[in-house]
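Here the structure is laid out as structure tokens; the discussion comes afterwards.
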Amino acid sequence: MQLLTGPAGSGKTFSALETLREALHRGETSVRLLVPTATMAQHLRDELAREGLVFSPRSIQTISRFIESWVADVPEVSSALFTVLVERTVHRLNLPEFQKVAHCAGLHARLAAVIDECASAACDARLLREHLTDGLGRAVARVFDEISGALKERRLALRSTRLSLAAARVEETGLGAAKTIWLDGFFSLTDPEIALVQAMAKHADVTVTLPTDGISAATRARLLSIGFKERRLTRQRVPPARELVVAPGTEREVDEIARRILEQVESGRLFREMSIIVRAPDIYARLLRATLERFGIPAKFYFDLVLTEQPAVRYLTGVIDAMLGGWQLDETLTVMKLAPGAGFSLPMDRFDFDVRKRMPGAGLGALRELAAAIESADRRLGRLLDSFSEVDKWRTLRWKPAEWGAQLAGLRALYRPSRLRDGVGHETVLEWRSQAQALDVLEKAVIDAGQAFDASIPLSLDEFWPAVKALLRLTPLRLIDQRRNVVHVLSAYEARQWELPVVFVCGLVEGQFPRYQAPDPFLPQHMRRRLKERGLRIRTTEDIENEERFLFDSALHRATASVVMSYPKNDARAELNLPSLFLDAAQVPTESRTVRVRIAQPSAATTAAPIRSPDLLQILQQKHNEMRPTALETYFQCPFQFFGRHTLKLDGAPVRPEKRLDFRLRGTIVHQVIKEWLEARGPIEPIFERVFVEFAQKEFVVSGYETEFVRAQMLDDLRCFATAERWPADCHSQAEASCRFELEDGLMIRCRVDRLLQDSEGRAFVIDYKYSSNLREYAANEDRLQGPLYWLAAERGFQLSVAGVYYCSLRDGIRYAGWGEKPDWLKAKVEPFTPDWLATAVERSMLAARAIAQGRVAPEPSDLGKCRYCDFRDACRYAGAEAAIAECAE
Amino acid sequence: MNFTPRQLDAVNVEDRGDTCVVAVPGSGKTTVLVEYYRRLVVEKGVPPQRILAITFTEKAARHMKDKLAESFRETPELRRQLEQAHVSTIHGFCTRLLRENSIAASLDPEFQVLDARRATILQRQAARDALDRMFAEKADAMRRLIRGLASPDLAKEIPDIYDAMRAADVEPSRLRGFRRNGAPLAEVRRAVAEIDKEKTFGWKPAQVTRLRETLEAARCVAELPDSPVTDEHFRVIGDFPTNLKGIKQGSESHTRLMFIKDTLLDEARRTLVTEYYSGERDTLIEVIECFDRLYSARKRQIGVLDFADLQAFAVRLLEQDAVIRERLRDQFEYVLMDEFQDTNRLEAKLVSLVRSAGRFYAVGDINQSIYGFRHAEPEVFRTYREEVRARGERVVELDENWRSRPEILSAAEKISHGAQGIDPLPLIAKRQFPLKFEPSVEVLAAIAGTQDAALELEALWIAHRIRDLERSLQLTRGPAQFGDFAVLLRNSEVVPAFTRAFDQAGIPYLLNQGKGFFETREVVDLTRLLRAIDNPRDEISLAVVLRSPFAGVSDEALLRLKTGGNLGSALRRLEHTGAAFDAEDLVKLRHFREQMLHWRETRDVAGFDRLLMRAMDETGYTVAPGTRAAANIEKFLALAREASSRLTFREFVDELELMREADAREPDAPPEDAVNAVRIMTVHAAKGLEFPILFLAALHKGVAAGCGALAFSPNLGLGANWMYPGTSETKRDSFLKAIADEVDQREADESDRLLYVAMTRAEEHLVFTYSSFGKPQKWAAALENALGLDLRTPQQRVAQIEAPDGERFALRIFTTDQPPQALARREAESTKVPVPLLDRPAVIGQHDFAASVTSIARFAECPRRYYLERYVGWPGNAPRALPNIDEDDADQEISASQFGLDVHALLAGQTVAEATPEARKLVETFHSSELGRRAARATRSEREFDFLMAVEDVVLRGQIDLWFAEAGEFVLVDYKTDEVKARETTARAQIYAPQLRLYALALERMVGRTPARAYVYFLRPGVAVPVSLERSLIDDPEALVRDFREAQSNVSFPLREGDHCTRCPYFRGLCPAGSGAPNVLPAQAIDSGDMAADEAGIG
Ligand code: SF4
């Protein structure tokens, strides 16, 4: 019954290992070393094995593993299952205190944590009820009571319960072959752990090591009180060189760590001799992962991955969610895109867009129909949907929990990876392995979920599934990575028994190290203090502060050669950080250095060179030897826009449903209505209603407020148009008249004139309707060519003598502007016709046509203001356009 | 620190009731606040946990905490306590309060705070859905609403209104409670009655007739019923003559009718519109209520609160729960608050709930209240100040300025003097400056015929003046550098003119627009790359990427590609498009295609940030470190990193699109390094900052403000702009009219204050500049007025101006209509040290540090099977037991069936309750065998012997089923439950030989002697097969482990095809054995059959 105390780095672990070592050398197998975590156990075992010893892995174990043979009949409830049981208990009890928050996942997690904490402090529901007399306290105690019963019923137990049970059994039956037991790496022991220690001490020689920090005071006192004799170790190891580094931000801080690692490697240090200790994994883990990978530094992360983030799990749970949701197209598509191999599949890409053009909607039938239209030789899409149909059968079934478990465990068969090749990078292997492991955990979780329910009562998947989801959300995924030569990225807890030459401790700022503790809504500080005063070992702020201080000191002592502490000056929002309270304010930090990793040869963005190859120029010529006036206008606005829209005809992703009734479609509908109305006359409303419905169906316009709003607007505008119609009845009117004519040099112009009128004297009037209110944009813009070209169209295409060409804007009132004659009744701004006007237009058109034929497609907008509405604004890389667009962001 | 008497008064901690500190700009209020806090702690012994200090911005909170930490440096205990202290923004305080009391507040204890970006998206979505839902439920009412409202883009307007309501603590249901009284028809009736009385004596008959007609029209109006209001009302009012020609001028009737026409009827129209649309207004309120419900429910569902919720929930909690309220009041002995003038109504309420009487310490300055658009209500501060004064408690005016030259302060005072929005408060110059001969205040006006031309000129002259002053103007700390200059603007529309001029003049600048993040080049490139990875059929995105440095191909290549159909599919079928690409393009395209395949394969696996980093590094996409572009990329990566945890790849791409559409205001990231460049920013962004040399530019330019078609005011309720019945005109209802008046007033006041704030940012030199093109506009007008200048003609002089306090200051005036002489462009010199490039290190030793002996044996049997089964861990087709996923056992036997385990346990002498008779029978077979009997007789034997042993740097873990000593020799036995026939056993045993050799090695190391014999005992046929333990070149266990290590290190696991393949669970599955294609790229496998259907290309 020895208590070995000493500050960090004083050789406690060394003493423990030495004892074990000596025994093994003597051929004795009765020494056991018990440590807090499995990784630590493994780390220490490996260290010994590498010294050449051959020994049983049982020599170094975690406490849980050690007691296993005494309590194998009462398995430990996983924390995830425990939380799910709490959740179900809360629902069942329906306590008024929790009524409004009963559905909150955070409530269940916090409740589970508090109950677990109490249980570890040997505080059961009865005690809790005694001490906490307010409503909330009573409610917690009530849940505690119920959950204890629920565990018993299932023959499951919390860790603390198992420890107590093991203590009793060890006391009674002894320890078997173990004669000497060391507990090392703990900074405090819970009450049940101490009970176990006490029981073990009856049968074996037990030594416990503890640090001398405040955090261990309570444990130390207990151990002394039960007869342990203390021996103090004084610090021996030479402290490593310490350096403090400050970086402008977290990213630079992590870069700096990577830089220093590379520097070390350069000078011959192995990756595995270095470690990064992280106290705030939520901020650092992902960033470190990405950065170390970027710098080519292999690293192992001793942090859990989130199971529900794994694509395999997302996929499989997504399938069930989609099924329960009735196969909503959107949701189902999202899931299908997660299917293995979806990223390679051209049919899937087509399918993706086809479905998106159709959304919203639901049903496997609809999806099948779309898939059938695309089907390729291997029927992948079809088979995928077939597998969904299989799942779909579960919708109406009622099974017992265990049956659901068994059924759902088969889900993983739906996730078939593509062939796993070798010769890939280790990162890729890890990614595949994480998926495989994730599926293993998933399989286990669905079976565990059965335990949350009454085993004998059949239930529907609807009822069963939420428990599975909760379990998955709560179950961590620890990726197995056993690579030998990697930098170890450890949590401050995990690092406690490691010793490595070089250690980095990052994120030394307020809130991260010491870590900010989120307040506990059930046991706020004042209650915790009260419980503690009554002898229960519930943690208070002071305990937590002590623990943080201990972790910090311990982290610094992990290094044998050098320790680099670092912090970012600013946080992610560029706000100032406060350096950690633990840092010596007098120590002047070194500034980090900016570095970059050498990357692939940078390739430049396209320089806007014209098209030169003769065959392509020929294509351009052929393709554009016949043009619409609007295409020419586009060229005037910007050659690249023309290239994108008319030459390449680039198509984007389908727009979201609410955007389908866009300006283009509105224009098309209005033009169609006008055409029909001009032919049929009479009330315009029924024509509009019919045309609108036709187009809405064809283009999958969704009904709703937005559509109704636009529809109402269009109807108003069309009514206004019909009312304002003044062209004399004896005029011959033709709507949407098409023609082609040669402009010059073989350039053909193709037009569809919205309206062509001919009065009794044979004079023609051309009207171009614009579903817009901005008449100026058309009439006063020199780049607009429709006016003069329509004039020519009427003359050359229809062989008419033209009296006037007009734009007519239809939004917010009918307005005209144009050239030529102005009929008396027409309120409009009409410019007199001059031959020059036509000549200029022809000349400009020919210029444009020639430029196109010469392959001149570089961006050169004539009106920067319009860049913002241009579909190709991201593609053109025209600097001025960017500035103008950013400006409009105001 | 030496404090002035005023400051000393402010930091005095004697209890003198509530305190109000009015602090002019530059008066050192943060220092005072920190000192007061410090003294409370040090002199008064108040523990930090008992002081609540609230700042307006996060920056200020951090700054304050930093200062406090500094001052407690010598007292570690206080420094430690500061860690838990409440020094934060109001949101920070609310978050903590709500977490502590989440159950009482009916909140998820682990609620998350939604960032503004996501909140906007969620709100817009909820607004759209609320409208759709209302439309589905009440189509007619909604149609009427659509027809009635002048601008029914409600999906956009409602969230804005809702925010304003929450800031004012007004629940949607309370909107109905606001009333506008007024019965203008009654007024009309009264007025008409009055006219009736007038005699028309002396009028011409025509005049009398006209009067009668008009009066008749008026009477018709007067006779209209007050309600219900129908179209008739508007028709009748519309019939009222629009002019009163013909009625005797100057007569009382004429005057009254004019009054009716111009005032009463206008008012009547408004009231009638209000009444006429009261049903629609109710519908509108219902929509807002529906939105409120939907938005709240969605937040609840995902366990989040938005910023406004934090305050609203905190107020509700404290209002409803007296116990918590009292506990909090007890907890905080003192409540300190900075920038109190920027508080909104809800925040004010919160503070009043927390503070106890006499313990509140607020600092503020009405003159610096410029956040009306964020619903700040400076009245809160004014009222507080007056109350404190009235109670005789402490009001301290800190009117000493420690920032600016006296001339600058005089100019600021002069220009703000008498301005409506400014409380008169002197600015007393306190800072000492060295003597300076040139005037510290300048006016520069550029004159031209049009605004655009004048602005170009103004910008050129500013650039010119900066180049003049740079290096020549002596500042306190030496000659001026670019980094000392700032150009403040009220409206960022003019920014391009300035950047153009600066570019021309070679002036380095840093644009802090605080917006447009999603439109920046690099963010656009990354976003488009993601979209192309999501689906390359999105040709626009793919074209962006192809033209970007990610691929960098020519436009010709695009055109060629397109001849093969959809760009995306054509890229995939590059070789099949038949197009004759330019050699360089072809290399790039091929390369890019391979990369795309890889990115697409891993898009959902690796984390979006890593995917992007890989893509950038593999293609060489790079920007200069330390620049804004680099900061933007980092910000985007952070966003991607966060999104990886929530969304699938596709969802992320969708969310980005929504963000880009919704959130033009997302600020671009600040660059890391403090570069020597001129800052260009808006006045709002400059609040709290100071600059040695300040150009306050484009003074002629205001901001378009006022209130929109829908607006809310806490005092007046909800107002809207409606269609005036029977016309296509619109009319604001009574609410909106009143709100508009209120807003106009507020904005006018705030404009004065904004100018004041802007001017007081300058330390040593202040230049006012503007464009002059006719009558002076906005601030330019205010400036000319206040200084008594007329600057519409070119001039150059120094004027002496008298400030309100009688001091005179020199003002350099320069107005011109000529452009400056073109400056020789000076390259902005680069002070940057080149960034070192690091090479990726050579990576070796990537084998596992530990392995099980069975793994090594599996590897020896077939490396590929080992790879699939154990290294990657993907199950094959065979049924299997669930692996143990405890890390402790990471490499244990994973395919052992329960049956095998039972048999082994029985053989080890353990009791297995549920063992099958078959298992028992097998055990019996062994025991009765010759080998079994020998073992039983042995002098020493061990069963289930676990060991760890390091071989070639790998820690092996194994379990020897049985070893025993017999006649001084050791014998090793391994049991197998394989289904084998007796005749197959010799061959099968060879597979297990490597395993036994490793066991032998372990035994040798343990006991110091090599076992003499080893057997594989096949339990089913009951056959013992001896295995040779002789070492040979190929069967050396160390060599085997070395191969194993190498294979792992290089991830190279060849197939070992043979008869055993048929027993392998990966055969014809994950293993390509038998297919003749050892390492098939999945892409090609899936590609087959994709070619058939694709659309035609160009042509
Ligand atoms: S954004 Fe402007 S420059 Fe770019 S293609 Fe479109 S029109 Fe041309």
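By order in the structure tokens, chains are A, B, ...; within a chain, residues start at 1; ligands start at 1, following the order shown.
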Could you tell me, counting only C-alpha atoms and all ligand atoms, which protein and nucleic acid residues lie no more than 10 Å from ligand 1, written as a PyMOL selection string? chain A and resi 634-645+857-882+884-885
Show which residues sit within 9 Å of Glu309 in chain A, as a ChimeraX atom specification. Count only C-alpha atoms, and ignore same-chain residues fewer than 5 positions away. /A:314 /B:605,644-648
Just want the 9 Å neighbourhood of Met949 in chain B, counted on only C-alpha atoms, with same-chain residues fewer than 2 positions away dropped. Output as a PyMOL selection string. (chain A and resi 46+49-50+52-55) or (chain B and resi 947+951+954-958+1002+1005)
Filtering to all heavy atoms, could you give me those residues as a CSV table (one decimal), in the first residue's frame?
chain,number,residue,atom,x,y,z
A,46,ASP,N,4.4,-1.2,-25.9
A,46,ASP,CA,5.3,-1.2,-27.0
A,46,ASP,C,6.7,-0.8,-26.6
A,46,ASP,O,7.7,-1.4,-27.1
A,46,ASP,CB,4.8,-0.2,-28.1
A,46,ASP,CG,3.6,-0.8,-28.9
A,46,ASP,OD1,3.3,-2.0,-28.7
A,46,ASP,OD2,3.0,-0.1,-29.7
A,49,ALA,N,8.2,-3.9,-25.1
A,49,ALA,CA,8.5,-4.9,-26.1
A,49,ALA,C,9.7,-4.6,-26.9
A,49,ALA,O,10.6,-5.4,-27.2
A,49,ALA,CB,7.3,-5.1,-27.0
A,50,ARG,N,9.8,-3.3,-27.3
A,50,ARG,CA,11.0,-2.9,-28.1
A,50,ARG,C,12.3,-3.0,-27.3
A,50,ARG,O,13.4,-2.9,-27.9
A,50,ARG,CB,10.8,-1.4,-28.6
A,50,ARG,CG,9.8,-1.4,-29.7
A,50,ARG,CD,9.6,0.0,-30.1
A,50,ARG,NE,8.2,0.1,-30.7
A,50,ARG,CZ,7.9,-0.4,-31.9
A,50,ARG,NH1,8.8,-1.1,-32.6
A,50,ARG,NH2,6.7,-0.4,-32.3
A,52,GLY,N,13.1,-5.6,-26.0
A,52,GLY,CA,13.4,-7.0,-26.2
A,52,GLY,C,12.7,-7.9,-25.3
A,52,GLY,O,12.9,-9.1,-25.3
A,53,LEU,N,11.9,-7.4,-24.5
A,53,LEU,CA,11.1,-8.2,-23.5
A,53,LEU,C,10.0,-9.0,-24.3
A,53,LEU,O,9.4,-8.4,-25.2
A,53,LEU,CB,10.5,-7.4,-22.4
A,53,LEU,CG,11.6,-6.9,-21.4
A,53,LEU,CD1,10.9,-5.8,-20.5
A,53,LEU,CD2,12.1,-8.0,-20.6
A,54,VAL,N,9.7,-10.2,-23.9
A,54,VAL,CA,8.6,-10.9,-24.4
A,54,VAL,C,7.7,-11.1,-23.2
A,54,VAL,O,8.1,-11.7,-22.2
A,54,VAL,CB,9.0,-12.2,-25.0
A,54,VAL,CG1,7.7,-13.0,-25.5
A,54,VAL,CG2,9.9,-12.0,-26.2
A,55,PHE,N,6.5,-10.6,-23.3
A,55,PHE,CA,5.6,-10.7,-22.1
A,55,PHE,C,4.1,-10.7,-22.5
A,55,PHE,O,3.8,-10.4,-23.7
A,55,PHE,CB,5.9,-9.5,-21.2
A,55,PHE,CG,5.7,-8.2,-21.8
A,55,PHE,CD1,4.5,-7.5,-21.6
A,55,PHE,CD2,6.7,-7.6,-22.6
A,55,PHE,CE1,4.4,-6.2,-22.2
A,55,PHE,CE2,6.5,-6.4,-23.2
A,55,PHE,CZ,5.3,-5.7,-23.0
B,947,PHE,N,1.4,-13.3,-25.8
B,947,PHE,CA,2.7,-12.6,-25.7
B,947,PHE,C,2.8,-11.4,-26.6
B,947,PHE,O,2.0,-11.2,-27.6
B,947,PHE,CB,3.8,-13.6,-26.1
B,947,PHE,CG,3.8,-14.0,-27.5
B,947,PHE,CD1,4.4,-13.2,-28.5
B,947,PHE,CD2,3.1,-15.2,-27.9
B,947,PHE,CE1,4.4,-13.6,-29.9
B,947,PHE,CE2,3.1,-15.5,-29.3
B,947,PHE,CZ,3.7,-14.7,-30.2
B,951,VAL,N,9.7,-7.6,-33.3
B,951,VAL,CA,10.5,-8.2,-34.3
B,951,VAL,C,10.7,-7.2,-35.4
B,951,VAL,O,9.7,-6.7,-35.9
B,951,VAL,CB,9.9,-9.5,-34.9
B,951,VAL,CG1,10.7,-10.1,-36.1
B,951,VAL,CG2,9.6,-10.5,-33.9
B,954,VAL,N,8.6,-4.1,-35.2
B,954,VAL,CA,7.2,-4.3,-35.2
B,954,VAL,C,6.9,-5.1,-33.9
B,954,VAL,O,7.5,-6.1,-33.7
B,954,VAL,CB,6.6,-5.0,-36.4
B,954,VAL,CG1,5.1,-5.2,-36.3
B,954,VAL,CG2,7.0,-4.3,-37.7
B,955,VAL,N,5.9,-4.6,-33.1
B,955,VAL,CA,5.6,-5.3,-31.9
B,955,VAL,C,4.5,-6.4,-32.3
B,955,VAL,O,3.4,-6.0,-32.7
B,955,VAL,CB,5.0,-4.4,-30.8
B,955,VAL,CG1,4.5,-5.2,-29.6
B,955,VAL,CG2,6.1,-3.4,-30.4
B,956,LEU,N,4.9,-7.6,-32.2
B,956,LEU,CA,3.9,-8.7,-32.6
B,956,LEU,C,3.2,-9.1,-31.4
B,956,LEU,O,3.7,-9.2,-30.3
B,956,LEU,CB,4.7,-9.8,-33.2
B,956,LEU,CG,5.4,-9.6,-34.5
B,956,LEU,CD1,6.0,-10.8,-35.0
B,956,LEU,CD2,4.5,-8.9,-35.5
B,957,ARG,N,1.9,-9.4,-31.7
B,957,ARG,CA,1.1,-9.9,-30.6
B,957,ARG,C,0.5,-11.2,-31.0
B,957,ARG,O,0.1,-11.4,-32.1
B,957,ARG,CB,0.0,-8.9,-30.5
B,957,ARG,CG,-1.1,-9.2,-29.5
B,957,ARG,CD,-2.1,-8.1,-29.5
B,957,ARG,NE,-3.1,-8.4,-28.5
B,957,ARG,CZ,-3.5,-7.4,-27.6
B,957,ARG,NH1,-3.1,-6.2,-27.8
B,957,ARG,NH2,-4.3,-7.7,-26.7
B,958,GLY,N,0.6,-12.2,-30.1
B,958,GLY,CA,0.2,-13.5,-30.5
B,958,GLY,C,-0.3,-14.4,-29.3
B,958,GLY,O,-0.2,-13.9,-28.2
B,1002,ALA,N,9.0,-16.5,-30.4
B,1002,ALA,CA,8.6,-15.9,-29.2
B,1002,ALA,C,9.0,-16.8,-28.0
B,1002,ALA,O,9.5,-16.4,-27.0
B,1002,ALA,CB,7.1,-15.7,-29.2
B,1005,ARG,N,12.6,-16.7,-27.3
B,1005,ARG,CA,13.0,-15.5,-26.6
B,1005,ARG,C,12.6,-15.5,-25.1
B,1005,ARG,O,13.2,-15.0,-24.3
B,1005,ARG,CB,12.4,-14.2,-27.2
B,1005,ARG,CG,13.0,-13.9,-28.6
B,1005,ARG,CD,12.9,-12.4,-28.9
B,1005,ARG,NE,13.3,-12.2,-30.3
B,1005,ARG,CZ,12.8,-11.1,-30.9
B,1005,ARG,NH1,12.1,-10.2,-30.3
B,1005,ARG,NH2,13.2,-11.0,-32.2
Excluding Gly421 in chain B and its own-chain neighbours fewer than 3 positions away, which residues fall within 7 Å of it when counting only C-alpha atoms? Please give them as a list of chain:residue names.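 The filter keeps B:Asp749, B:Glu750, B:Asp752, B:Arg753.
Rounded to one decimal, CA of Gln125 in chain B and CA of Glu642 in chain B lie 21.1 Å from each other.
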Among the residues of range 338-540 of chain A, find those DSSP assigns to strand (DSSP E) from the backbone and print them as a ChimeraX atom specification. /A:398-399,459-460,476-477,487-491,500-505
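Checking B:Arg298, B:Arg179, B:Arg1009, B:Arg865 one by one against Ser278 in chain B, counting only C-alpha atoms, you find the shortest gap at B:Arg179.
Using only C-alpha atoms for every distance, the candidate list B:Thr816, B:Thr769, B:Gln7, B:Ser751 yields B:Ser751 as the residue closest to Val683 in chain B.
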All residues 12 Å or closer to Pro76 in chain B, only C-alpha atoms, same chain fewer than 4 positions away omitted, as a list in words: Leu581, Phe582, Leu583, Asp584 and Ala585 of chain A; Ala69, Glu70, Ser71, Phe72, Arg80, Gln81, Leu82 and Glu83 of chain B
For the selection you just gave me, I'd like the residues written to a file as an mmCIF file, in the first residue's frame, keeping N, CA and C atoms.
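Below is the file out.cif, written as the result:
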data_model
loop_
_atom_site.group_PDB
_atom_site.id
_atom_site.type_symbol
_atom_site.label_atom_id
_atom_site.label_comp_id
_atom_site.auth_asym_id
_atom_site.auth_seq_id
_atom_site.Cartn_x
_atom_site.Cartn_y
_atom_site.Cartn_z
ATOM 1 N N LEU A 581 -3.614 32.328 -19.296
ATOM 2 C CA LEU A 581 -3.275 32.665 -17.927
ATOM 3 C C LEU A 581 -2.050 31.876 -17.455
ATOM 4 N N PHE A 582 -1.843 30.706 -18.025
ATOM 5 C CA PHE A 582 -0.736 29.864 -17.576
ATOM 6 C C PHE A 582 0.618 30.346 -18.085
ATOM 7 N N LEU A 583 0.571 31.173 -19.103
ATOM 8 C CA LEU A 583 1.853 31.610 -19.664
ATOM 9 C C LEU A 583 2.485 32.624 -18.731
ATOM 10 N N ASP A 584 3.777 32.547 -18.685
ATOM 11 C CA ASP A 584 4.503 33.500 -17.896
ATOM 12 C C ASP A 584 4.452 34.827 -18.647
ATOM 13 N N ALA A 585 3.780 35.801 -18.057
ATOM 14 C CA ALA A 585 3.570 37.059 -18.767
ATOM 15 C C ALA A 585 4.892 37.729 -19.111
ATOM 16 N N ALA B 69 -5.900 42.261 -17.741
ATOM 17 C CA ALA B 69 -4.931 41.196 -17.477
ATOM 18 C C ALA B 69 -3.563 41.809 -17.228
ATOM 19 N N GLU B 70 -3.265 42.803 -18.041
ATOM 20 C CA GLU B 70 -1.989 43.499 -17.911
ATOM 21 C C GLU B 70 -1.885 44.145 -16.519
ATOM 22 N N SER B 71 -2.972 44.761 -16.080
ATOM 23 C CA SER B 71 -2.858 45.471 -14.804
ATOM 24 C C SER B 71 -2.912 44.510 -13.605
ATOM 25 N N PHE B 72 -3.379 43.297 -13.830
ATOM 26 C CA PHE B 72 -3.368 42.315 -12.724
ATOM 27 C C PHE B 72 -2.170 41.359 -12.822
ATOM 28 N N ARG B 80 -6.160 35.232 -12.177
ATOM 29 C CA ARG B 80 -6.873 33.976 -12.312
ATOM 30 C C ARG B 80 -8.381 34.210 -12.271
ATOM 31 N N GLN B 81 -8.774 35.059 -11.382
ATOM 32 C CA GLN B 81 -10.223 35.325 -11.262
ATOM 33 C C GLN B 81 -10.771 36.020 -12.500
ATOM 34 N N LEU B 82 -9.902 36.811 -13.101
ATOM 35 C CA LEU B 82 -10.342 37.529 -14.296
ATOM 36 C C LEU B 82 -10.797 36.547 -15.386
ATOM 37 N N GLU B 83 -10.190 35.380 -15.382
ATOM 38 C CA GLU B 83 -10.501 34.349 -16.365
ATOM 39 C C GLU B 83 -12.010 34.056 -16.407
#
Near range 532-537 of chain B, within 7 Å and counting only C-alpha atoms, which residues show up once chain neighbours fewer than 4 positions away are dropped, as a short mmCIF file (atom, residue, chain, number, x, y, z; two decimals) with N, CA, C and O atoms, in the first residue's frame?
data_model
loop_
_atom_site.label_atom_id
_atom_site.label_comp_id
_atom_site.auth_asym_id
_atom_site.auth_seq_id
_atom_site.Cartn_x
_atom_site.Cartn_y
_atom_site.Cartn_z
N ASP A 349 -24.49 12.10 -63.11
CA ASP A 349 -24.44 13.55 -63.32
C ASP A 349 -25.67 14.03 -64.09
O ASP A 349 -26.27 15.05 -63.75
N ARG B 528 -16.55 27.85 -57.59
CA ARG B 528 -16.83 27.23 -58.88
C ARG B 528 -16.16 25.87 -58.99
O ARG B 528 -16.70 24.96 -59.60
N SER B 541 -19.63 26.60 -64.54
CA SER B 541 -18.62 26.45 -63.49
C SER B 541 -17.38 25.78 -64.04
O SER B 541 -16.26 26.18 -63.72
N LEU B 542 -17.59 24.79 -64.86
CA LEU B 542 -16.42 24.09 -65.39
C LEU B 542 -15.58 25.04 -66.25
O LEU B 542 -14.35 25.02 -66.18
N ASN B 566 -21.48 18.35 -74.22
CA ASN B 566 -21.39 19.00 -72.91
C ASN B 566 -19.93 19.03 -72.46
O ASN B 566 -19.23 18.02 -72.53
N LEU B 567 -19.49 20.18 -71.97
CA LEU B 567 -18.08 20.33 -71.61
C LEU B 567 -17.61 19.25 -70.64
O LEU B 567 -16.53 18.71 -70.78
N GLY B 568 -18.46 18.97 -69.68
CA GLY B 568 -18.09 18.02 -68.65
C GLY B 568 -17.91 16.62 -69.21
O GLY B 568 -16.90 15.96 -68.96
N SER B 569 -18.87 16.17 -70.01
CA SER B 569 -18.72 14.82 -70.56
C SER B 569 -17.60 14.79 -71.57
O SER B 569 -16.88 13.80 -71.68
N MET B 596 -9.54 15.83 -61.48
CA MET B 596 -10.99 15.94 -61.21
C MET B 596 -11.54 14.59 -60.74
O MET B 596 -12.32 14.54 -59.79
N TRP B 599 -10.56 14.17 -57.19
CA TRP B 599 -11.30 15.04 -56.27
C TRP B 599 -12.74 14.57 -56.13
O TRP B 599 -13.33 14.62 -55.06
N ARG B 600 -13.29 14.15 -57.24
CA ARG B 600 -14.69 13.72 -57.18
C ARG B 600 -14.81 12.45 -56.34
O ARG B 600 -15.79 12.26 -55.63
N ARG B 650 -22.80 17.99 -51.63
CA ARG B 650 -23.81 18.66 -52.44
C ARG B 650 -24.52 19.75 -51.65
O ARG B 650 -24.78 20.84 -52.14
#
Using DSSP on the backbone, list every residue of range 303-494 of chain A that comes out as alpha helix (DSSP H), and give them as JSON, numbers by chain. {"A": [311, 312, 313, 314, 315, 316, 317, 318, 319, 320, 321, 322, 323, 324, 329, 330, 331, 332, 333, 334, 335, 336, 346, 347, 348, 349, 350, 351, 352, 353, 354, 355, 356, 357, 358, 364, 365, 366, 367, 368, 369, 370, 371, 372, 373, 374, 380, 381, 382, 383, 384, 385, 386, 387, 388, 389, 390, 391, 392, 401, 402, 403, 404, 405, 406, 407, 408, 409, 426, 427, 428, 429, 430, 431, 432, 433, 434, 435, 436, 437, 438, 439, 440, 441, 442, 443, 444, 445, 446, 447, 448, 449, 461, 462, 463, 464, 465, 466, 467, 468, 469, 470, 471, 472, 473, 474]}
